[in-house]
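Visitor: Below are the structure tokens for one structure; questions will follow.
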Amino acid sequence: MSDWKDAFLRTRVIPPHSQTARQAPGSPQALQLVFRQIDGLHVKQSESPASLQYQLRVTLFDSGHQHFFGRTWKSGSHSVSGMQGQSGRVFFNEVVYFHTSLCLSSVVAVVELVSLSTRADGSQDAVGSGFGLLQLFTGRADTIISQGEGRLSLFNGTPRALLHPTLKDPLRMNAALSVMEGTQLLYSIQPHPALTPIMHLLPPNILVSGHDSIPGVMSSTDTGTADALRKPRLLKSFLCVLDGLRVALFPSVEVFESNLLQLLNRDCQNTNRGVEGRSVVVQERRLQVGVHNGWGWVEKPHVLVLEREAEGSGAARARGASASGSFRQTSTDKLSDGLSLRGSVELKMMRDVAFSIVFQLQYVFSCPLAGDGQMTSTAVPRAAFMQCVRWCAWSLFSDPEGPGENVSLHLQGGALPNPWGAMVYSASTQQTDSGKCVIKFKFSSSVEGASCSTALNVSHRETSAPKKLLSASQEERILEPTASTLQSPRGPALFLSQLVATSRYPTMSHTVGSPWQQQLPSLLSPSPMASAHQLSHVERPVAGSIVHLELSVQEREGNRSEEEDELQELTFTPVHAPVITLGTHASGSSRSTSRRSLAQLFSSGFPQILDNQNQVAEVLDPSEPVNFNPQREEADPLQANTLILQFLAFTRVPQAGVNSDWPSTVHFTFQLYRFPPVTTERLKLLDPERNSKLKSSSDYPCVLSVINKDGTFSSGCPGLQLHYRVDPQFLKPGERGWFLRYLALHSLQIDVWDSESLMLIGSAAVELKHMLRQGRAAVQVNHELEVITTEYLQDANFASRHDNKHSATPAINVYTTVKGILHLRLGNVGASATNSQSSLALPPLLSHVVQPSDAPQGFAGGGVPALTVLQLNASNARRARRLPEIDSELARLLQSTMREVGGAALHQQAEAKEVRQRKIDRMAAVRQHEEQKATPPFQDSSNVTRHRAERVQHSRDLRVIEAYRERCKAQEITNMLSQAITTKHTLYATLGTAEFFEFVLKNPFNVPQTVTIECDDPELSVIVKTEEWRYFKELTKTLTPLEEEMFHLKESTLTPQVYLRPKESVHVPFKYQTFICGHTFPLQVLFRGEDKKPLAICQVDVEPTPHVVDQTFRFYQPELTFLKKAIRLPAAWDDTADGSATLHVRCSDPNVICHTTNLTPGEPQDVYLKVPGSPSPQIRKFFITIFTDPWLASPAQIWQVYVHYLQRMDLSCVCGTLSWHSLVLHGTQAIRRVKCYTSHPLELQVDPGEVFALPAQGVQDVCVGLRALRPGSRFFYLNVVDVDTRQLIASWLLCITCRQPVISKAFEISVPVDGGKGSNKKISFTNPYSSSRAFNLRTDRPDLLQFKEEQFQIGGGELYTIGLRFAPSQNPGMEEILIFINDKQDKNEDTYCVRVQYR
């Protein structure tokens, strides 16, 4: 390890400034610097040119932050050519190479000229002779590198002068430094793309020359060239495998971890970081494995999860026997209690003595966070942090005989330099050689197996659970361009926000036998929450670990060849990650309602939750874990549950841009279990009484009261109470277990809306596990839920720097904001299920095998009374009907009086009524005939002619009827025969869930048959793959025979066929799966023989059932534009027993493109959406189903996505200045009374601001007055609402770009903290005009600053004193407040900046 250690200690560098690293474009650039000569060097009379030696030293410097970084490069010593007292010349001809991603104009190279002289003792004395600043980058997007030749003037002095505060401004550098007259350095800068293949071996910002030895790169002696980096060549790589990797800690894992936790708990108590009564616990044990060449990581270290083996377990004994091999047994070789890695680790190495494999043992701890002495009723957030406890490095070539098969390494700790630059834990007691921590593994290598990737591959040779891989965060996944086949893709690295991400809970499936087949934790602890900016340090709940990402185009990571002409595909990668955090805490939001406020709240008279004995339900603490026992729930005699949701109150949180009484009315939307989605009534926020002292507080809870349709308040109990009855009548057979699992593992998402503007205030989430009664009669729990929303804000400074750079990506910051606190009470009251309720339940699905009936029932003959017909099967017995009633086309063909009879029958006239009417008509005709006189002869002939025509028509009609009967006879007989071989089967289908059943098909003939299976709907298909069939049989516990290669697919239509022997029966597997909601109609499967005639028919009746929605997403998009989003899932989301899970997604809308990419195991998965646009204000609604099983049997998640389409308008303004813009509002088909609402009424005004009439099919101009108070880019919303019907008429998305005004004066004051009185100050303002003017005063922080007079008028040239009132603050810090002095039209005249120091 000495070669690696020497290289590591020799090549340590200073990192760049953190802010500069964040501002870097991200694409690395390789450069070549050539220093040719220095001209005009003055040689003193006292100096001998022959004895003078000069050297160049080059260091990278960040002029924006006055920070040197990287490593100083030194050239060789060169003599000066010239005479004494004359100008000399030094020829260097040195070439320097490096690569960096800090392609900023502020990054320069400091070139120092050093004179070397030999002292009397033989040592060298280096004296600086001058330095210069070499501009490397232009700062322009078209030409980044300042390439070309040039001459650099040198300054007198030392480069340390650049650290002086006066030289921070580059404009003052020439005034402060003196130039060396006539001395110039001739140089050239060129890009060097040939350096790209070795970027993974050479760290960035390190300057090297061609004769420097870089591990992994052939040296100049091997290549036979003077400059090895001009066209660098890589050493050959080979494959090595680490198998049976195991870590043994001294004296044991239990004692080692116990001592470590004791020290950490003591540290948390000393620093007051822990919560009283709770301690730090070990969350995970990790091992980082990476290849290091002494200069840097060949690739980013990979993170593997170690598993602890219990003492005496079979796995431990087996692994100890296989891994020990020829190891000599010591005190650490007990192998009964250690940390092991299942599977093998595969790496790529290069044959270089400096290459080493570096191991680091990390522990991930979980520590509860403490608030300000108060705890909210929600869960306690827990912070996850890591600590390096041991590390070591192993060189394969340290032993001249080569590495052995069995390797044992000692892990070290303490404050020693290591590649991670981290402090390593060291035990308090000194360890002896026989008591050190050891890592052991079996090593094997193969030169022939070399490939172009050093990705960490884990071969799953064992049947046990594999290790978990955790991926890098968003910043760690930025890809670097590759141009060589030897560039290595980065492996998975640590992402702390995914530490608690476990497998998602499955939704209800009718095919799974029992919901308790998957293991469920017996102790349901409170889920810790965190804000978006705390993702790297605080645990996140499972319900809130899904994020949605904006999309951009970036190069795909992978291996490429320079000879390839085919264009490579570009993939979507996230630019920023706005997090849908359900119920999370925002920054510093450890809010807790005071006892005084709670006393005022619960004295309002909310309805109590009572059990069947009229006793108050047991009150549970939401911060305590739930001891969940499924058997206790199953054995509960109270099988009926009444779920109660009580919306009690809403606490406003002060927001920027809105009034203090916002919102005034709210309503809620949510979906509980598979009940229909709910939109509640409008609720009014009632402020406390005027004489209450709570009015002075800004965070008092406002009681909710239901608003009637006439606008009055409800006279009943305050709040809103909703009941949901879940009993055997509601649940299907076997569904109770899934319902209990839903309560145990799911969270209910509640969207809070402003009822006046119809704008979304935010979302809250509440865990339902406390609604499990666990044998109790009734339970209740009170929650205080933070209502949060995701907001977008672009950095104003970043935007101003990149106004003219089209390639720059806008830096949009995404953060969550707390909009309020929702006071919610949940309850569950048990009740006994009655027999009548049980009898009304849906028929149970007894078996997944459909058996045709051998003896179908039919009509036995005899009379057909009405009661008998009702009792018989309608398919086997029918009542006779007239032919015109059956076929309307036949009724139109008939020309005789039968048409009238048929028409009467079609009008459903009773037969008795028809007979009676016919008798009356005949009697009337007889009486008329008797009364008439003798008929003339010509009348008798006309009657004969008329009767003859009727007979002709009757004959024709009879022939038509006979032809119709002959035509339909075969079809009717076929239908009756088909009904005899038809078997009906009913499926209760849920969205995305595959329903499996087998149909028993029998060959009724004495000859073999090849049966073709035809289905008229693609959602019902035959399972032709044996693996899929076996999977569903195991899933449904169906004990029927399974055959390999049972089906043959036709070449043309791919229709399945099955061969049947005479009188043979087989089980044909079917799967029904739909991704469309409410999709139901009878399906028919035909089994046709070789003569194309059906042998059997299976009719499948699908009954749709509601589904559970796990997550709801709402996106706002400009109308008629495509929405492109990526929803990220955590790395451990799809872990399965074999580690081979692949994510599959399906969408209910066929017009929405939804897909995912297959990544390496352990990396986070992204679900990509592409949604077509729609006109405003339409809302597109669809569902996304997520599957983790290979055959898409049951969705692991069902998401509901809403896309709100709005009209877009881009507005630009100056901060603090009022600017007016016009919008066009189109009328509807009817006249409406409408009103305009804005999301930020204090910054966005609307004219007309009151209710106005919108004419039908007319056009109305709406004026928008914009006065933004913060610079940068933001999004405002404008809704036009019908005040009578509460419908949304139009909606706009206003994209605001606000510029910072020019600040004319700046002030600084100090305000005491906790004074409670604030501070009064005065500043003067002079009217610059010669005439009298009126001015208005505005500020960007009205919550911190108030004016004595907001308007004033002074004469020309007069002085006016502005009175300022600064509000007190409870926390020390600094705030910058802007004061806008505007004219009468609210245009900005002057802007003052006041820096307030709260001390």
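Every chain in the structure tokens takes a letter, A first, then B, and so on in the order presented; its residues are numbered from 1, and the ligands are numbered from 1 following the presented order.
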Within stretch 8-231 of chain A, find each residue whose DSSP state, derived from the backbone, is strand (DSSP E or B), and express the selection as a PyMOL selection string.

Guide: chain A and resi 14+29-42+53-62+67-74+78-81+87-100+107-118+124-135+137+145+148-155+179-191+206+208-209+217

Visitor: Skipping near chain neighbours, those fewer than 3 positions away, what residues fall within 9 Å of A:Val1109 using only C-alpha atoms, listed as a list of chain:residue names?

Guide: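 Non-adjacent residues within range: A:Thr507, A:Gln671, A:Leu672, A:Tyr673, A:Arg674, A:Thr1112, A:Phe1183, A:Gln1197, A:Ile1198, A:Trp1199, A:Gln1200.
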
Visitor: Got time to write the residues from that selection, N, CA, C and O atoms, as a CSV table (one decimal), in the first residue's frame?

Guide:
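again.csv, freshly written:
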chain,number,residue,atom,x,y,z
A,507,THR,N,-52.2,-2.6,-3.1
A,507,THR,CA,-53.6,-2.2,-3.1
A,507,THR,C,-54.4,-3.5,-3.1
A,507,THR,O,-53.9,-4.6,-3.2
A,671,GLN,N,-60.5,11.4,-1.1
A,671,GLN,CA,-61.1,10.1,-1.4
A,671,GLN,C,-60.6,9.1,-0.4
A,671,GLN,O,-59.4,8.8,-0.3
A,672,LEU,N,-61.5,8.5,0.4
A,672,LEU,CA,-61.2,7.6,1.4
A,672,LEU,C,-61.5,6.2,0.9
A,672,LEU,O,-62.7,5.9,0.5
A,673,TYR,N,-60.5,5.3,1.0
A,673,TYR,CA,-60.6,3.9,0.6
A,673,TYR,C,-61.2,3.9,-0.8
A,673,TYR,O,-60.6,4.6,-1.7
A,674,ARG,N,-62.2,3.1,-1.1
A,674,ARG,CA,-62.8,3.1,-2.4
A,674,ARG,C,-64.2,3.7,-2.5
A,674,ARG,O,-65.0,3.4,-3.3
A,1112,THR,N,-52.2,11.6,-5.1
A,1112,THR,CA,-52.9,12.5,-6.0
A,1112,THR,C,-51.9,13.6,-6.3
A,1112,THR,O,-51.3,14.2,-5.5
A,1183,PHE,N,-55.6,8.2,-14.4
A,1183,PHE,CA,-55.0,7.3,-13.4
A,1183,PHE,C,-53.7,6.7,-13.9
A,1183,PHE,O,-53.7,6.3,-15.1
A,1197,GLN,N,-49.1,0.8,-6.6
A,1197,GLN,CA,-49.6,2.1,-6.4
A,1197,GLN,C,-50.6,2.5,-7.5
A,1197,GLN,O,-50.5,2.1,-8.6
A,1198,ILE,N,-51.6,3.3,-7.1
A,1198,ILE,CA,-52.5,3.9,-8.1
A,1198,ILE,C,-52.5,5.4,-7.8
A,1198,ILE,O,-52.8,5.8,-6.7
A,1199,TRP,N,-52.1,6.2,-8.8
A,1199,TRP,CA,-52.0,7.6,-8.7
A,1199,TRP,C,-53.2,8.2,-9.5
A,1199,TRP,O,-53.5,7.8,-10.6
A,1200,GLN,N,-53.7,9.3,-9.0
A,1200,GLN,CA,-54.7,10.1,-9.7
A,1200,GLN,C,-54.0,11.4,-10.0
A,1200,GLN,O,-53.5,12.1,-9.1

Visitor: Please provide as a PDB file with C-alpha atoms, in the first residue's frame all residues within 6 Å of stretch 1-16 of chain A, with the sequence filter that same-chain residues fewer than 2 positions apart are discarded (counting only C-alpha atoms).

Guide:
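Result saved to part_37.pdb:
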ATOM      1  CA  PHE A  69      -7.722  25.990  -5.369  1.00  0.00           C
ATOM      2  CA  GLY A  70      -6.321  22.902  -7.012  1.00  0.00           C
ATOM      3  CA  ARG A  71      -2.580  22.203  -6.874  1.00  0.00           C
ATOM      4  CA  GLY A 294      -3.943   7.551  -5.556  1.00  0.00           C
ATOM      5  CA  TRP A 295      -5.034  10.668  -7.424  1.00  0.00           C
ATOM      6  CA  ALA A 354      -0.944   2.756  -7.436  1.00  0.00           C
ATOM      7  CA  SER A 395      -3.277  -2.889  -3.289  1.00  0.00           C
TER       8      SER A 395
END

Visitor: Tell me which protein, DNA and RNA residues are within 7 Å of A:Ala24, counting only C-alpha atoms, leaving out same-chain ones fewer than 6 positions away, and put them as a CSV table (one decimal) with N, CA and C atoms, in the first residue's frame.

Guide:
chain,number,residue,atom,x,y,z
A,101,SER,N,-14.7,21.7,-14.8
A,101,SER,CA,-16.1,22.1,-15.1
A,101,SER,C,-16.4,23.5,-14.7
A,102,LEU,N,-15.4,24.2,-14.1
A,102,LEU,CA,-15.6,25.6,-13.6
A,102,LEU,C,-15.3,26.6,-14.7
A,103,CYS,N,-16.1,26.5,-15.8
A,103,CYS,CA,-15.8,27.3,-17.0
A,103,CYS,C,-16.4,28.7,-16.8
A,104,LEU,N,-15.9,29.4,-15.8
A,104,LEU,CA,-16.4,30.8,-15.5
A,104,LEU,C,-15.4,31.8,-15.8

Visitor: I want to know what sits within 7 Å of A:Asp1101, based on only C-alpha atoms, with residues of the same chain fewer than 4 positions away left out; could you give that as JSON, numbers by chain?

Guide: {"A": [985, 986, 987, 1081, 1082, 1083]}

Visitor: Calculate how many Å separate atom CA of A:Gly992 from atom CA of A:Thr1074, rounding to one decimal.

Guide: 5.7 Å

Visitor: Which value, in Å to one decimal, gives the distance between atom CA of A:Asn1003 and atom CA of A:Tyr1059?

Guide: 9.5 Å

Visitor: Fewer than 4 positions away in the same chain doesn't count, so skip those; otherwise give me all residues within 10 Å of stretch 1254-1262 of chain A, counting only C-alpha atoms, as a ChimeraX atom specification.

Guide: /A:1221-1236,1246-1249,1282

Visitor: Take the residues that were just selected and, keeping all heavy atoms, output them as a short mmCIF file (atom, residue, chain, number, x, y, z; two decimals), in the first residue's frame.

Guide:
data_model
loop_
_atom_site.label_atom_id
_atom_site.label_comp_id
_atom_site.auth_asym_id
_atom_site.auth_seq_id
_atom_site.Cartn_x
_atom_site.Cartn_y
_atom_site.Cartn_z
N HIS A 1221 -51.67 45.96 -17.07
CA HIS A 1221 -51.73 45.12 -18.26
C HIS A 1221 -53.19 44.75 -18.50
O HIS A 1221 -54.02 44.78 -17.59
CB HIS A 1221 -50.87 43.86 -18.09
CG HIS A 1221 -49.47 44.15 -17.64
ND1 HIS A 1221 -48.43 44.37 -18.52
CD2 HIS A 1221 -48.94 44.26 -16.39
CE1 HIS A 1221 -47.32 44.60 -17.84
NE2 HIS A 1221 -47.60 44.54 -16.54
N SER A 1222 -53.48 44.36 -19.73
CA SER A 1222 -54.86 44.09 -20.12
C SER A 1222 -55.01 42.64 -20.51
O SER A 1222 -54.15 42.06 -21.21
CB SER A 1222 -55.27 44.99 -21.29
OG SER A 1222 -56.61 44.71 -21.69
N LEU A 1223 -56.12 42.03 -20.06
CA LEU A 1223 -56.50 40.67 -20.43
C LEU A 1223 -57.86 40.71 -21.10
O LEU A 1223 -58.71 41.56 -20.79
CB LEU A 1223 -56.55 39.75 -19.20
CG LEU A 1223 -55.27 39.60 -18.38
CD1 LEU A 1223 -55.54 38.74 -17.16
CD2 LEU A 1223 -54.16 38.99 -19.22
N VAL A 1224 -58.10 39.76 -22.00
CA VAL A 1224 -59.37 39.68 -22.73
C VAL A 1224 -60.15 38.48 -22.18
O VAL A 1224 -59.66 37.34 -22.22
CB VAL A 1224 -59.15 39.54 -24.25
CG1 VAL A 1224 -60.49 39.40 -24.96
CG2 VAL A 1224 -58.38 40.74 -24.77
N LEU A 1225 -61.35 38.75 -21.67
CA LEU A 1225 -62.22 37.72 -21.11
C LEU A 1225 -63.40 37.53 -22.05
O LEU A 1225 -64.14 38.48 -22.33
CB LEU A 1225 -62.70 38.13 -19.71
CG LEU A 1225 -63.68 37.19 -19.02
CD1 LEU A 1225 -63.06 35.83 -18.81
CD2 LEU A 1225 -64.15 37.79 -17.69
N HIS A 1226 -63.57 36.28 -22.53
CA HIS A 1226 -64.65 35.98 -23.46
C HIS A 1226 -65.85 35.44 -22.68
O HIS A 1226 -65.71 34.64 -21.76
CB HIS A 1226 -64.20 34.94 -24.49
CG HIS A 1226 -63.10 35.43 -25.39
ND1 HIS A 1226 -63.33 36.16 -26.52
CD2 HIS A 1226 -61.74 35.31 -25.28
CE1 HIS A 1226 -62.19 36.46 -27.10
NE2 HIS A 1226 -61.20 35.96 -26.37
N GLY A 1227 -67.04 35.88 -23.11
CA GLY A 1227 -68.27 35.46 -22.47
C GLY A 1227 -68.70 34.08 -22.90
O GLY A 1227 -68.22 33.52 -23.90
N THR A 1228 -69.63 33.50 -22.16
CA THR A 1228 -70.17 32.17 -22.46
C THR A 1228 -71.49 32.31 -23.20
O THR A 1228 -71.85 33.39 -23.67
CB THR A 1228 -70.33 31.37 -21.15
OG1 THR A 1228 -71.20 32.10 -20.27
CG2 THR A 1228 -68.98 31.19 -20.47
N GLN A 1229 -72.25 31.22 -23.26
CA GLN A 1229 -73.51 31.25 -23.99
C GLN A 1229 -74.59 32.03 -23.26
O GLN A 1229 -75.56 32.45 -23.88
CB GLN A 1229 -73.99 29.82 -24.25
CG GLN A 1229 -73.04 29.03 -25.14
CD GLN A 1229 -73.54 27.62 -25.39
OE1 GLN A 1229 -74.55 27.20 -24.82
NE2 GLN A 1229 -72.83 26.88 -26.24
N ALA A 1230 -74.45 32.21 -21.97
CA ALA A 1230 -75.45 32.94 -21.19
C ALA A 1230 -74.75 34.02 -20.38
O ALA A 1230 -73.54 33.96 -20.13
CB ALA A 1230 -76.22 31.99 -20.26
N ILE A 1231 -75.52 35.03 -20.00
CA ILE A 1231 -74.97 36.10 -19.18
C ILE A 1231 -74.68 35.57 -17.78
O ILE A 1231 -75.44 34.76 -17.23
CB ILE A 1231 -75.95 37.30 -19.15
CG1 ILE A 1231 -75.28 38.49 -18.44
CG2 ILE A 1231 -77.27 36.91 -18.53
CD1 ILE A 1231 -76.11 39.76 -18.53
N ARG A 1232 -73.55 36.02 -17.21
CA ARG A 1232 -73.14 35.53 -15.89
C ARG A 1232 -72.69 36.70 -15.02
O ARG A 1232 -72.19 37.72 -15.53
CB ARG A 1232 -71.98 34.54 -16.02
CG ARG A 1232 -72.35 33.22 -16.70
CD ARG A 1232 -71.10 32.37 -16.87
NE ARG A 1232 -71.36 31.07 -17.46
CZ ARG A 1232 -71.58 29.94 -16.78
NH1 ARG A 1232 -71.57 29.99 -15.45
NH2 ARG A 1232 -71.79 28.80 -17.39
N ARG A 1233 -72.84 36.49 -13.71
CA ARG A 1233 -72.29 37.42 -12.74
C ARG A 1233 -70.98 36.82 -12.22
O ARG A 1233 -70.97 35.75 -11.58
CB ARG A 1233 -73.27 37.65 -11.59
CG ARG A 1233 -74.56 38.32 -12.01
CD ARG A 1233 -75.57 38.40 -10.87
NE ARG A 1233 -75.07 39.18 -9.75
CZ ARG A 1233 -74.78 38.67 -8.55
NH1 ARG A 1233 -74.91 37.37 -8.34
NH2 ARG A 1233 -74.33 39.44 -7.58
N VAL A 1234 -69.87 37.49 -12.53
CA VAL A 1234 -68.56 36.91 -12.25
C VAL A 1234 -67.74 37.90 -11.41
O VAL A 1234 -68.07 39.09 -11.28
CB VAL A 1234 -67.80 36.59 -13.56
CG1 VAL A 1234 -68.57 35.57 -14.38
CG2 VAL A 1234 -67.55 37.84 -14.37
N LYS A 1235 -66.66 37.36 -10.84
CA LYS A 1235 -65.72 38.14 -10.06
C LYS A 1235 -64.32 37.57 -10.28
O LYS A 1235 -64.15 36.35 -10.41
CB LYS A 1235 -66.07 38.13 -8.57
CG LYS A 1235 -65.20 39.06 -7.72
CD LYS A 1235 -65.63 39.06 -6.26
CE LYS A 1235 -64.75 40.00 -5.45
NZ LYS A 1235 -65.14 40.02 -4.02
N CYS A 1236 -63.33 38.45 -10.29
CA CYS A 1236 -61.94 38.06 -10.51
C CYS A 1236 -61.22 37.92 -9.17
O CYS A 1236 -61.37 38.79 -8.29
CB CYS A 1236 -61.21 39.07 -11.39
SG CYS A 1236 -61.92 39.26 -13.04
N VAL A 1246 -56.84 43.85 -9.65
CA VAL A 1246 -57.71 43.57 -10.79
C VAL A 1246 -58.75 44.67 -10.89
O VAL A 1246 -59.32 45.10 -9.87
CB VAL A 1246 -58.40 42.19 -10.65
CG1 VAL A 1246 -59.26 41.89 -11.87
CG2 VAL A 1246 -57.37 41.09 -10.47
N ASP A 1247 -59.01 45.10 -12.10
CA ASP A 1247 -60.05 46.09 -12.37
C ASP A 1247 -60.91 45.56 -13.52
O ASP A 1247 -60.39 45.32 -14.62
CB ASP A 1247 -59.43 47.43 -12.76
CG ASP A 1247 -60.47 48.53 -12.90
OD1 ASP A 1247 -61.59 48.36 -12.36
OD2 ASP A 1247 -60.18 49.54 -13.57
N PRO A 1248 -62.21 45.30 -13.28
CA PRO A 1248 -62.99 45.57 -12.07
C PRO A 1248 -62.71 44.55 -10.96
O PRO A 1248 -62.53 43.38 -11.22
CB PRO A 1248 -64.43 45.45 -12.57
CG PRO A 1248 -64.35 44.53 -13.75
CD PRO A 1248 -63.03 44.77 -14.39
N GLY A 1249 -62.70 45.07 -9.75
CA GLY A 1249 -62.42 44.24 -8.59
C GLY A 1249 -63.66 43.68 -7.94
O GLY A 1249 -63.54 42.80 -7.08
N ASP A 1282 -67.88 32.33 -11.43
CA ASP A 1282 -69.30 32.67 -11.42
C ASP A 1282 -69.76 32.66 -9.96
O ASP A 1282 -69.75 31.60 -9.30
CB ASP A 1282 -70.08 31.65 -12.25
CG ASP A 1282 -71.53 32.06 -12.46
OD1 ASP A 1282 -72.10 32.72 -11.56
OD2 ASP A 1282 -72.12 31.69 -13.49
#

Visitor: Quick one: residues within 8 Å of stretch 1208-1210 of chain A, only C-alpha atoms counted, chain neighbours fewer than 4 positions away excluded, as a list in words?

Guide: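 Final neighbour list, sorted by chain and number: Pro1118, Glu1119, Trp1292, Leu1293, Leu1294, Cys1295, Ile1296 and Thr1297 of chain A.
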